[in-house]
file work.txt (compact mmCIF, C-alpha atoms)
# COMPACT_ATOMS: atom_id res chain seq x y z
CA MET A 920 -49.25 28.90 4.64
CA PRO A 921 -51.31 27.26 7.39
CA SER A 922 -53.34 24.30 6.23
CA ILE A 923 -57.09 24.65 5.84
CA THR A 924 -59.61 22.05 4.77
CA CYS A 925 -61.41 22.65 1.51
CA ILE A 926 -64.57 20.81 0.58
CA ASP A 927 -64.62 19.28 -2.89
CA LYS A 928 -66.98 21.80 -4.47
CA PHE A 929 -64.49 24.66 -3.85
CA GLN A 930 -61.36 22.84 -5.09
CA PRO A 931 -61.68 24.13 -8.69
CA ALA A 932 -61.66 27.73 -7.45
CA LEU A 933 -58.41 27.15 -5.58
CA GLN A 934 -56.76 25.52 -8.57
CA LYS A 935 -57.70 28.13 -11.19
CA LYS A 936 -55.31 31.05 -11.45
CA LYS A 937 -57.95 33.67 -12.16
CA ARG A 938 -58.21 37.13 -10.61
CA VAL A 939 -62.01 37.00 -10.25
CA LYS A 940 -63.70 34.11 -8.52
CA ILE A 941 -67.42 33.98 -7.79
CA PHE A 942 -68.92 31.54 -5.31
CA VAL A 943 -72.60 30.78 -5.79
CA GLY A 944 -74.75 28.84 -3.37
CA GLY A 945 -77.57 29.12 -0.92
CA ARG A 946 -77.53 29.86 2.77
CA GLY A 947 -75.49 27.34 4.71
CA SER A 948 -73.30 26.42 1.72
CA THR A 949 -70.10 27.39 3.63
CA LYS A 950 -69.03 30.06 1.11
CA THR A 951 -68.31 32.67 3.76
CA THR A 952 -66.47 30.23 6.02
CA PHE A 953 -64.36 28.98 3.11
CA VAL A 954 -63.39 32.49 1.99
CA ALA A 955 -62.72 33.56 5.60
CA ASP A 956 -60.36 30.62 6.06
CA ASN A 957 -58.52 31.57 2.86
CA CYS A 958 -58.39 35.18 3.98
CA LEU A 959 -56.78 34.21 7.27
CA ALA A 960 -54.32 31.78 5.68
CA GLN A 961 -53.21 34.34 3.10
CA THR A 962 -53.05 37.11 5.67
CA THR A 963 -50.47 35.07 7.59
CA GLN A 964 -48.39 35.32 4.41
CA GLY A 965 -48.59 39.12 4.26
CA LYS A 966 -51.59 39.50 1.95
CA ILE A 967 -53.91 42.48 2.38
CA TRP A 968 -57.64 41.81 2.11
CA CYS A 969 -60.41 44.36 1.75
CA CYS A 970 -63.54 42.68 3.09
CA SER A 971 -66.50 44.54 1.69
CA ARG A 972 -70.17 44.55 0.94
CA GLU A 973 -72.37 47.07 -0.81
CA TYR A 974 -73.88 48.38 2.43
CA LEU A 975 -71.71 48.36 5.55
CA ASN A 976 -72.82 50.65 8.35
CA SER A 977 -70.40 49.36 10.97
CA ILE A 978 -67.90 46.60 11.62
CA ASN A 979 -70.85 44.65 13.03
CA ASP A 980 -72.22 44.37 9.47
CA SER A 981 -68.92 42.95 8.19
CA VAL A 982 -67.32 39.50 8.22
CA HIS A 983 -65.18 40.52 11.20
CA ARG A 984 -67.00 38.18 13.61
CA THR A 985 -66.54 35.32 11.12
CA LEU A 986 -62.80 36.01 10.93
CA LEU A 987 -62.53 36.00 14.73
CA ASP A 988 -64.46 32.74 14.98
CA GLU A 989 -62.45 31.07 12.22
CA THR A 990 -59.16 32.22 13.74
CA GLU A 991 -60.07 30.28 16.86
CA ARG A 992 -61.57 27.26 15.08
CA CYS A 993 -58.58 26.84 12.74
CA ASN A 994 -55.98 27.64 15.41
CA PHE A 995 -54.47 30.57 13.51
CA GLU A 996 -52.01 32.37 15.75
CA ASP A 997 -50.72 35.89 16.35
CA PHE A 998 -53.66 37.86 14.90
CA TYR A 999 -54.58 41.07 16.66
CA GLU A 1000 -57.17 43.81 16.27
CA LYS A 1001 -56.14 47.42 15.74
CA ASN A 1002 -58.15 50.36 14.41
CA ASN A 1003 -61.05 48.13 13.30
CA GLN A 1004 -58.68 45.99 11.24
CA TYR A 1005 -57.43 42.46 11.76
CA HIS A 1006 -53.63 42.29 11.58
CA HIS A 1007 -50.96 39.60 11.46
CA PRO A 1008 -47.24 40.15 12.25
CA SER A 1009 -46.42 39.11 8.65
CA GLY A 1010 -47.77 42.49 7.55
CA GLY A 1011 -50.99 40.99 6.31
CA ARG A 1012 -54.29 42.47 7.35
CA ALA A 1013 -58.00 42.47 6.70
CA PHE A 1014 -60.03 45.65 6.74
CA TYR A 1015 -63.69 46.38 6.09
CA LYS A 1016 -65.35 48.79 3.67
CA GLY A 1017 -68.87 49.53 2.55
CA LEU A 1018 -69.02 50.20 -1.16
CA ALA A 1019 -72.26 52.14 -1.63
CA ARG A 1020 -71.64 55.21 0.49
CA ASN A 1021 -68.54 56.51 -1.24
CA ILE A 1022 -67.28 54.17 -3.92
CA GLU A 1023 -65.09 56.91 -5.36
CA SER A 1024 -63.00 56.94 -2.16
CA LEU A 1025 -61.82 53.39 -2.87
CA LYS A 1026 -60.15 54.20 -6.20
CA GLY A 1027 -56.61 54.82 -4.94
CA MET A 1028 -56.84 52.64 -1.87
CA LEU A 1029 -57.44 49.43 -3.80
CA SER A 1030 -54.10 49.59 -5.59
CA GLY A 1031 -52.37 48.09 -2.53
CA VAL A 1032 -54.97 45.41 -1.88
CA ASP A 1033 -54.18 41.81 -2.80
CA VAL A 1034 -57.73 40.50 -2.52
CA LEU A 1035 -61.12 42.21 -2.58
CA TRP A 1036 -63.80 40.06 -0.96
CA ILE A 1037 -67.35 41.17 -1.65
CA GLU A 1038 -69.78 39.46 0.70
CA GLU A 1039 -73.48 39.37 -0.27
CA GLY A 1040 -72.47 40.28 -3.81
CA GLU A 1041 -75.98 40.04 -5.23
CA THR A 1042 -76.65 43.55 -3.91
CA VAL A 1043 -73.72 45.18 -5.73
CA THR A 1044 -74.82 47.80 -8.27
CA ASP A 1045 -73.56 48.23 -11.82
CA GLU A 1046 -72.00 51.57 -10.82
CA THR A 1047 -70.06 49.95 -7.99
CA LEU A 1048 -68.79 47.23 -10.34
CA ARG A 1049 -67.77 49.85 -12.92
CA VAL A 1050 -65.70 51.80 -10.40
CA LEU A 1051 -64.20 48.68 -8.83
CA THR A 1052 -63.24 47.17 -12.17
CA ALA A 1053 -61.38 50.32 -13.15
CA SER A 1054 -59.81 50.68 -9.69
CA LEU A 1055 -58.45 47.20 -9.12
CA ARG A 1056 -54.87 47.27 -10.21
CA VAL A 1057 -52.41 44.48 -10.67
CA SER A 1058 -49.22 44.86 -8.65
CA ALA A 1059 -45.92 44.93 -10.52
CA LYS A 1060 -45.17 41.44 -9.19
CA ASP A 1061 -48.50 40.10 -10.47
CA ALA A 1062 -48.12 41.92 -13.80
CA GLN A 1063 -44.90 39.96 -14.33
CA ARG A 1064 -46.70 36.74 -13.37
CA VAL A 1065 -49.34 37.51 -16.03
CA LEU A 1066 -46.60 38.10 -18.62
CA ASP A 1067 -44.96 34.83 -17.57
CA GLY A 1068 -48.27 32.99 -18.04
CA GLU A 1069 -48.53 32.01 -14.37
CA ILE A 1070 -51.89 33.75 -13.91
CA THR A 1071 -54.51 35.13 -16.31
call {"tool": "encode", "arguments": {"input": "work.txt", "output": "structure tokens"}}
result
Amino acid sequence: MPSITCIDKFQPALQKKKRVKIFVGGRGSTKTTFVADNCLAQTTQGKIWCCSREYLNSINDSVHRTLLDETERCNFEDFYEKNNQYHHPSGGRAFYKGLARNIESLKGMLSGVDVLWIEEGETVTDETLRVLTASLRVSAKDAQRVLDGEIT
């Protein structure tokens, strides 16, 4: 995986093998940049990321611009845009979804997603969290890792 720099305050999140990680901080705390860098690094390894927020009217409301900027800043190579998604030849990709408009439509789609990134999470409703919690599925590979004690 390409190397990215991680500031000290985010190191514990990288080291913990938990499925849910929440980053709290004010404006300018580099949360979005840090997650974007991780998204790009993992996408080069074939991971699929759903980049979401409660209200997303267009790709302009998403983290797409951040991913483009970070690709250039971190010298990630071979990314390309196709159908409003950000792809890598490894098979990894990032796509963007609003949660509020039709949360029910995400139920089946999330089963193939490795990481769900919710930006501006303070606006997420209880109903959205209920549907997402029931919809996020562990892959067979990750289920075995849980059984083996590698992740919790």
call {"tool": "closest_residue", "arguments": {"input": "work.txt", "among": "A:Leu933, A:Val982, A:Ala960, A:Ile941", "to": "Gln1004 (chain A)", "atoms": "only C-alpha atoms"}}
result
A:Val982
call {"tool": "closest_residue", "arguments": {"input": "work.txt", "among": "A:Thr1044, A:Asn994, A:Asn1003, A:Thr949", "to": "Cys970 (chain A)", "atoms": "all atoms listed in the file"}}
result
A:Asn1003
call {"tool": "residues_around", "arguments": {"input": "work.txt", "residues": "region 997-1001 of chain A", "least_positions_apart": "3", "cutoff": "10 Å", "atoms": "all atoms listed in the file", "output": "JSON, numbers by chain"}}
result
{"A": [959, 962, 963, 987, 990, 994, 1004, 1005, 1006, 1007, 1008, 1009, 1011, 1012, 1013, 1014]}
call {"tool": "residues_around", "arguments": {"input": "work.txt", "residues": "Glu1041 (chain A)", "least_positions_apart": "3", "cutoff": "10 Å", "atoms": "only C-alpha atoms", "output": "ChimeraX atom specification"}}
result
/A:943,972-973,1037-1038,1044
call {"tool": "atom_distance", "arguments": {"input": "work.txt", "atom1": "CA of Phe929 (chain A)", "atom2": "CA of Gly945 (chain A)"}}
result
14.1 Å
call {"tool": "axis_aligned_box", "arguments": {"input": "work.txt", "around": "region 957-960 of chain A", "padding_each_side": "6 Å", "output": "JSON"}}
result
{"center_x": -56.4, "center_y": 33.4, "center_z": 5.1, "size_x": 16.2, "size_y": 15.6, "size_z": 16.4}
call {"tool": "closest_residue", "arguments": {"input": "work.txt", "among": "A:Trp968, A:Phe995, A:Tyr974, A:Tyr1015", "to": "Thr1042 (chain A)", "atoms": "all atoms listed in the file"}}
result
A:Tyr974
call {"tool": "atom_distance", "arguments": {"input": "work.txt", "atom1": "CA of Gln964 (chain A)", "atom2": "CA of Ser977 (chain A)"}}
result
26.9 Å
call {"tool": "closest_residue", "arguments": {"input": "work.txt", "among": "A:Gly965, A:Gly1017, A:Pro931, A:Gly1040", "to": "Thr951 (chain A)", "atoms": "only C-alpha atoms"}}
result
A:Gly1040
call {"tool": "atom_distance", "arguments": {"input": "work.txt", "atom1": "CA of Asn976 (chain A)", "atom2": "CA of Glu996 (chain A)"}}
result
28.7 Å
call {"tool": "closest_residue", "arguments": {"input": "work.txt", "among": "A:Ile926, A:Leu975, A:Val954, A:Val1034", "to": "Glu989 (chain A)", "atoms": "only C-alpha atoms"}}
result
A:Val954
call {"tool": "closest_residue", "arguments": {"input": "work.txt", "among": "A:Lys940, A:Glu1046, A:Gly1010, A:Asp927", "to": "Gln961 (chain A)", "atoms": "all atoms listed in the file"}}
result
A:Gly1010
